[in-house]
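J.: Dropping in final_33.cif, with mmCIF, C-alpha atoms and all ligand atoms.
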```
data_model
#
loop_
_atom_site.label_atom_id
_atom_site.label_comp_id
_atom_site.auth_asym_id
_atom_site.auth_seq_id
_atom_site.Cartn_x
_atom_site.Cartn_y
_atom_site.Cartn_z
CA MET A 1 -97.45 -23.98 -66.67
CA GLY A 2 -94.65 -26.46 -67.36
CA LYS A 3 -93.79 -27.61 -70.91
CA ILE A 4 -90.16 -28.22 -71.73
CA GLU A 5 -88.92 -25.97 -74.52
CA ASN A 6 -88.95 -27.66 -77.93
CA LYS A 7 -89.85 -31.05 -76.45
CA LEU A 8 -93.04 -32.97 -77.05
CA ILE A 9 -94.53 -34.21 -73.79
CA VAL A 10 -96.63 -37.37 -73.63
CA ALA A 11 -98.06 -38.51 -70.32
CA GLY A 12 -100.72 -40.78 -68.93
CA PRO A 13 -101.34 -44.12 -67.32
CA CYS A 14 -99.48 -47.29 -68.16
CA ALA A 15 -102.83 -49.03 -68.44
CA VAL A 16 -106.37 -47.76 -68.52
CA GLU A 17 -108.04 -49.64 -65.67
CA LYS A 18 -111.35 -47.91 -65.03
CA LYS A 19 -113.23 -45.00 -66.53
CA MET A 20 -112.75 -42.81 -63.45
CA GLN A 21 -109.04 -43.66 -63.21
CA LEU A 22 -108.52 -42.42 -66.78
CA TYR A 23 -110.64 -39.28 -66.36
CA ASN A 24 -109.10 -38.44 -62.97
CA THR A 25 -105.58 -38.74 -64.32
CA VAL A 26 -106.32 -36.69 -67.44
CA LYS A 27 -108.09 -33.97 -65.44
CA HIS A 28 -104.92 -33.36 -63.43
CA ILE A 29 -102.38 -33.41 -66.23
CA TYR A 30 -103.98 -32.31 -69.51
CA ASN A 31 -102.54 -28.80 -69.36
CA TYR A 32 -99.03 -30.12 -68.64
CA THR A 33 -98.79 -32.46 -71.60
CA ASP A 34 -99.18 -32.31 -75.39
CA VAL A 35 -100.49 -35.86 -75.81
CA ILE A 36 -102.10 -38.31 -73.39
CA ARG A 37 -100.83 -41.90 -73.42
CA ALA A 38 -103.26 -44.64 -72.42
CA GLY A 39 -102.57 -48.36 -72.80
CA ILE A 40 -105.82 -50.26 -73.28
CA TRP A 41 -104.30 -53.52 -74.52
CA LYS A 42 -101.21 -54.53 -72.58
CA GLY A 43 -98.84 -57.04 -74.15
CA ARG A 44 -97.74 -58.52 -70.87
CA THR A 45 -94.92 -61.05 -70.56
CA SER A 46 -97.03 -63.23 -68.26
CA PRO A 47 -100.66 -64.21 -68.97
CA ASN A 48 -101.28 -63.75 -65.24
CA SER A 49 -100.52 -60.02 -65.41
CA TYR A 50 -103.16 -57.34 -65.95
CA PRO A 51 -104.06 -57.24 -69.68
CA GLY A 52 -105.76 -53.81 -69.81
CA VAL A 53 -109.48 -53.00 -70.11
CA GLY A 54 -109.59 -53.48 -73.85
CA GLU A 55 -111.99 -51.96 -76.32
CA LYS A 56 -114.57 -50.72 -73.84
CA ALA A 57 -112.17 -47.82 -73.16
CA LEU A 58 -112.31 -46.59 -76.77
CA PRO A 59 -115.41 -44.37 -76.29
CA TRP A 60 -113.83 -42.87 -73.15
CA ILE A 61 -110.74 -41.99 -75.16
CA GLN A 62 -112.81 -40.49 -77.95
CA ASP A 63 -114.68 -38.39 -75.39
CA ILE A 64 -111.43 -37.19 -73.78
CA GLN A 65 -110.05 -36.15 -77.16
CA ASN A 66 -113.20 -34.07 -77.77
CA GLN A 67 -113.63 -32.69 -74.28
CA TYR A 68 -110.00 -31.64 -73.74
CA GLN A 69 -109.02 -31.14 -77.39
CA ILE A 70 -105.93 -33.23 -76.78
CA PRO A 71 -104.76 -36.25 -78.79
CA VAL A 72 -104.59 -39.62 -77.06
CA ALA A 73 -102.03 -42.24 -78.13
CA ILE A 74 -102.57 -45.95 -77.58
CA GLU A 75 -100.46 -49.06 -78.10
CA VAL A 76 -101.45 -51.40 -80.93
CA GLY A 77 -100.18 -54.96 -81.18
CA ASN A 78 -102.19 -56.28 -84.12
CA THR A 79 -104.40 -55.17 -87.01
CA LYS A 80 -107.61 -55.63 -85.02
CA HIS A 81 -106.33 -53.02 -82.56
CA VAL A 82 -105.60 -50.65 -85.44
CA GLU A 83 -109.06 -51.14 -86.95
CA LEU A 84 -110.74 -50.35 -83.64
CA ALA A 85 -108.48 -47.35 -82.94
CA LEU A 86 -109.35 -45.84 -86.33
CA LYS A 87 -113.06 -46.35 -85.69
CA TYR A 88 -112.73 -44.17 -82.57
CA ASP A 89 -110.65 -41.38 -84.19
CA ILE A 90 -107.37 -42.34 -82.54
CA LYS A 91 -104.66 -40.89 -84.75
CA ILE A 92 -101.52 -41.78 -82.79
CA MET A 93 -100.58 -45.42 -82.24
CA TRP A 94 -97.40 -46.88 -80.85
CA LEU A 95 -95.73 -50.26 -81.19
CA GLY A 96 -94.42 -51.73 -77.95
CA ALA A 97 -90.96 -53.17 -77.38
CA ARG A 98 -92.31 -56.70 -77.67
CA THR A 99 -93.92 -55.95 -81.04
CA THR A 100 -90.95 -54.21 -82.66
CA VAL A 101 -88.98 -57.48 -82.42
CA ASN A 102 -91.45 -59.26 -84.72
CA PRO A 103 -91.22 -58.34 -88.43
CA PHE A 104 -94.44 -60.25 -89.25
CA ALA A 105 -96.44 -58.26 -86.70
CA VAL A 106 -94.81 -54.98 -87.74
CA GLN A 107 -95.49 -55.64 -91.43
CA ASP A 108 -99.16 -56.54 -90.78
CA ILE A 109 -99.70 -53.40 -88.73
CA ALA A 110 -97.93 -51.32 -91.38
CA GLU A 111 -100.20 -52.70 -94.14
CA SER A 112 -103.25 -51.85 -92.06
CA VAL A 113 -102.34 -48.13 -92.02
CA ARG A 114 -101.12 -47.85 -95.62
CA ASN A 115 -101.34 -44.22 -96.81
CA LEU A 116 -103.45 -43.18 -93.82
CA ASN A 117 -103.03 -39.89 -92.06
CA VAL A 118 -101.96 -41.40 -88.75
CA GLU A 119 -98.89 -40.96 -86.62
CA ILE A 120 -96.86 -44.05 -85.67
CA TRP A 121 -94.43 -44.27 -82.77
CA ILE A 122 -92.06 -47.21 -82.56
CA LYS A 123 -90.48 -48.28 -79.30
CA ASN A 124 -87.01 -49.75 -79.43
CA PRO A 125 -87.07 -53.55 -79.55
CA ILE A 126 -86.71 -55.21 -76.17
CA VAL A 127 -83.38 -56.69 -77.33
CA SER A 128 -80.48 -54.44 -78.28
CA ASP A 129 -80.67 -54.89 -82.05
CA LEU A 130 -80.87 -51.50 -83.75
CA LYS A 131 -81.57 -53.17 -87.09
CA LEU A 132 -84.97 -54.33 -85.83
CA TRP A 133 -85.76 -50.78 -84.76
CA ILE A 134 -84.80 -49.19 -88.07
CA GLY A 135 -86.40 -52.11 -89.95
CA ALA A 136 -89.72 -51.26 -88.29
CA VAL A 137 -89.30 -47.57 -89.20
CA ASN A 138 -88.63 -48.56 -92.82
CA ARG A 139 -91.75 -50.74 -92.96
CA PHE A 140 -93.91 -47.74 -92.03
CA ASN A 141 -92.01 -45.45 -94.40
CA ARG A 142 -92.74 -47.82 -97.23
CA VAL A 143 -96.49 -47.76 -96.67
CA GLY A 144 -96.52 -43.98 -96.86
CA ILE A 145 -96.63 -42.98 -93.19
CA LYS A 146 -95.17 -39.50 -93.01
CA ASN A 147 -95.25 -38.97 -89.30
CA ILE A 148 -93.03 -41.49 -87.54
CA LYS A 149 -91.35 -41.12 -84.18
CA THR A 150 -89.30 -43.58 -82.17
CA ILE A 151 -89.27 -44.14 -78.42
CA HIS A 152 -86.20 -45.01 -76.39
CA ARG A 153 -87.36 -47.27 -73.51
CA GLY A 154 -84.10 -49.11 -72.83
CA PHE A 155 -83.14 -52.72 -73.54
CA TYR A 156 -83.41 -55.99 -71.72
CA THR A 157 -79.91 -57.17 -70.80
CA ASP A 158 -78.58 -59.70 -68.32
CA ASN A 159 -76.68 -57.09 -66.38
CA ASN A 160 -79.22 -54.38 -65.59
CA ILE A 161 -77.69 -52.84 -62.49
CA HIS A 162 -80.03 -50.15 -61.19
CA TYR A 163 -82.70 -49.86 -63.76
CA ARG A 164 -85.45 -52.10 -65.05
CA ASN A 165 -83.99 -51.75 -68.53
CA ASN A 166 -80.50 -50.88 -69.62
CA PRO A 167 -80.54 -47.45 -71.30
CA ARG A 168 -77.53 -48.28 -73.51
CA TRP A 169 -76.91 -44.58 -74.18
CA ASP A 170 -74.25 -45.70 -76.65
CA LEU A 171 -76.90 -47.39 -78.80
CA LEU A 172 -79.19 -44.38 -78.61
CA ALA A 173 -76.32 -42.13 -79.72
CA ASP A 174 -75.52 -44.53 -82.54
CA PHE A 175 -79.17 -44.58 -83.66
CA ARG A 176 -79.40 -40.78 -83.56
CA LYS A 177 -76.17 -40.38 -85.48
CA LYS A 178 -77.24 -42.73 -88.27
CA TYR A 179 -80.89 -41.66 -88.46
CA SER A 180 -80.76 -38.05 -87.33
CA GLU A 181 -83.97 -37.20 -89.21
CA ILE A 182 -86.13 -39.54 -87.06
CA PRO A 183 -87.43 -37.93 -83.87
CA VAL A 184 -86.79 -39.83 -80.64
CA LEU A 185 -88.92 -39.58 -77.51
CA SER A 186 -87.46 -40.76 -74.23
CA ASP A 187 -89.50 -43.11 -72.03
CA PRO A 188 -87.65 -42.80 -68.71
CA SER A 189 -90.51 -44.57 -66.89
CA HIS A 190 -89.79 -47.89 -68.59
CA ILE A 191 -86.02 -47.48 -68.45
CA ALA A 192 -86.20 -46.73 -64.73
CA GLY A 193 -88.82 -49.13 -63.44
CA ASP A 194 -88.91 -46.89 -60.37
CA THR A 195 -89.93 -43.24 -60.00
CA LYS A 196 -86.77 -42.44 -58.05
CA TYR A 197 -84.60 -42.65 -61.18
CA ILE A 198 -86.86 -40.76 -63.57
CA GLU A 199 -85.47 -37.26 -63.06
CA LYS A 200 -81.86 -38.35 -63.53
CA LEU A 201 -82.72 -40.38 -66.63
CA SER A 202 -84.71 -37.47 -68.06
CA LEU A 203 -81.76 -35.11 -67.65
CA ASN A 204 -79.53 -37.64 -69.34
CA SER A 205 -82.00 -37.96 -72.20
CA ILE A 206 -81.97 -34.18 -72.66
CA LYS A 207 -78.18 -34.35 -72.88
CA GLU A 208 -78.57 -36.96 -75.62
CA GLY A 209 -80.77 -34.51 -77.51
CA VAL A 210 -84.09 -36.35 -77.46
CA ASP A 211 -87.08 -34.63 -79.03
CA GLY A 212 -89.54 -35.31 -76.26
CA PHE A 213 -90.71 -37.55 -73.45
CA MET A 214 -93.27 -40.18 -72.62
CA PHE A 215 -94.02 -40.42 -68.89
CA GLU A 216 -96.28 -42.84 -67.07
CA VAL A 217 -98.63 -40.96 -64.75
CA HIS A 218 -101.44 -42.47 -62.65
CA HIS A 219 -103.75 -40.48 -60.38
CA ASP A 220 -103.05 -42.98 -57.58
CA PRO A 221 -99.95 -45.07 -58.43
CA ASN A 222 -100.18 -47.23 -55.29
CA LYS A 223 -103.38 -48.68 -56.66
CA ALA A 224 -102.09 -49.18 -60.22
CA LEU A 225 -102.63 -52.63 -61.74
CA SER A 226 -99.42 -52.48 -63.78
CA ASP A 227 -96.04 -50.76 -63.47
CA LYS A 228 -97.01 -49.24 -60.14
CA GLN A 229 -93.41 -48.48 -59.02
CA GLN A 230 -92.64 -46.34 -62.04
CA GLN A 231 -95.84 -44.31 -62.44
CA LEU A 232 -95.65 -40.74 -61.18
CA ASN A 233 -98.57 -39.15 -59.39
CA PRO A 234 -99.85 -35.95 -61.06
CA LYS A 235 -98.19 -33.69 -58.48
CA ASP A 236 -94.72 -35.23 -58.91
CA PHE A 237 -95.18 -35.27 -62.67
CA LYS A 238 -95.84 -31.52 -62.73
CA LEU A 239 -92.89 -30.86 -60.40
CA LEU A 240 -90.68 -32.87 -62.72
CA ILE A 241 -91.83 -30.97 -65.82
CA ASP A 242 -91.25 -27.67 -64.03
CA LYS A 243 -87.74 -28.78 -63.07
CA LEU A 244 -86.90 -30.02 -66.55
CA SER A 245 -88.19 -26.83 -68.12
CA ILE A 246 -85.60 -24.68 -66.33
C1 LIG B 1 -95.93 -49.47 -72.03
O1 LIG B 1 -95.67 -48.45 -72.68
O2 LIG B 1 -96.73 -49.49 -71.08
C2 LIG B 1 -95.15 -50.70 -72.31
C3 LIG B 1 -95.66 -51.90 -72.07
O3 LIG B 1 -93.93 -50.46 -72.74
P1 LIG B 1 -92.81 -51.34 -73.46
O4 LIG B 1 -93.41 -51.81 -74.75
O5 LIG B 1 -91.73 -50.33 -73.62
O6 LIG B 1 -92.43 -52.45 -72.52
MN MN B 2 -96.03 -49.50 -68.58
#
```
How does the structure come out when it is put into structure tokens?
Ligand code: PEP
Ligand code: MN
T.:
Amino acid sequence: MGKIENKLIVAGPCAVEKKMQLYNTVKHIYNYTDVIRAGIWKGRTSPNSYPGVGEKALPWIQDIQNQYQIPVAIEVGNTKHVELALKYDIKIMWLGARTTVNPFAVQDIAESVRNLNVEIWIKNPIVSDLKLWIGAVNRFNRVGIKNIKTIHRGFYTDNNIHYRNNPRWDLLADFRKKYSEIPVLSDPSHIAGDTKYIEKLSLNSIKEGVDGFMFEVHHDPNKALSDKQQQLNPKDFKLLIDKLSI
């Protein structure tokens, strides 16, 4: 069985689409990952894009956590999301790149988890401003959240050459140097935008000393309703983990 030494692995679909899609994906990967990721509310740039199934997936997630004894992380974009996640025993919530840029949203979400025993992951802001990233971390520190991780998913820039997002390894190195106590997970799926770059980006992330990974995995990526190019199928995901664990 895979597992990369000393790295936390998070994997699962970009978006939960249907009950069977979630269960089928989890069934194939649960013993290759430490945490399942599952986006049920998708903060899409365009209102015409797939928005996620929403709260009807919460009981499915609760059931998966019980059945497989594995934590499931979801994205939260507002306090209503947090309230619902807590109701269904979801203990790991992440802020997306489009939320980290907004101090009002970050502050509201932070207040809604004050002193709770939850884990918060914060993606880098979509723009390359490290102060927004660390500002968000500080907001959760201040409300007593002990378990905070960050996620490097690359930055929107005008000159993205190969990848969907510019990794800006220099900024990651800068962030790690200044805030060495904050764990960073790499999200090569969102940096890459295409499965063909994920292995190379993962190796680079290991070189940068990241503490773990978040990978998008879909049981049938060709049929995915969001981020279809960058989602690995379960077989390729396991091959990748095996390669990275050498
Ligand atoms: C996601 O994780 O599916 C997502 C939308 O990511 P980001 O916030 O990094 O764009
Ligand atoms: Mn995605």
J.: Counting only C-alpha atoms and all ligand atoms, what are the residues, protein, DNA or RNA alike, that approach ligand MN 2 (chain B) to within 12 Å? I want them as an MDAnalysis selection string.
T.: chainID A and resid 11:16 37:45 49:52 74:75 96:97 153 164 187:194 214:218 221 224:232
J.: CA of Leu185 in chain A and CA of Phe213 in chain A, how far apart in Å?
T.: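 The value is 4.9 Å.
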J.: Calculate how many Å separate CA of Glu208 in chain A from CA of Phe175 in chain A, rounding to one decimal.
T.: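 Spanning CA of Glu208 in chain A to CA of Phe175 in chain A is a straight-line distance of 11.1 Å.
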J.: Find the spatial neighbours of Ile134 in chain A, counting all atoms listed in the file, within a cut-off of 9 Å - ignore same-chain residues fewer than 3 positions away - and output them as a PyMOL selection string.
T.: chain A and resi 124+130-131+137-139+175+179
J.: Please list as a PyMOL selection string every residue within 9 Å of Glu111 in chain A, counting all atoms listed in the file and excluding residues in the same chain fewer than 2 positions away.
T.: chain A and resi 79+106-109+113-115+139-140+143
J.: Using only C-alpha atoms, find the one residue out of A:Asn102, A:Gln62, A:Asn141, A:Thr25 that sits nearest to Ile120 in chain A.
T.: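 The closest residue to Ile120 in chain A is A:Asn141.
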J.: Please, what distance in Å, to one decimal, runs between CA of Tyr197 in chain A and CA of Asp158 in chain A?
T.: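 One can read the CA of Tyr197 in chain A to CA of Asp158 in chain A distance as 19.4 Å.
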J.: Tell me which of A:Trp169, A:Tyr163, A:Trp94, A:Tyr32 sits closest to ligand LIG 1 (chain B), counting all atoms listed in the file.
T.: A:Trp94
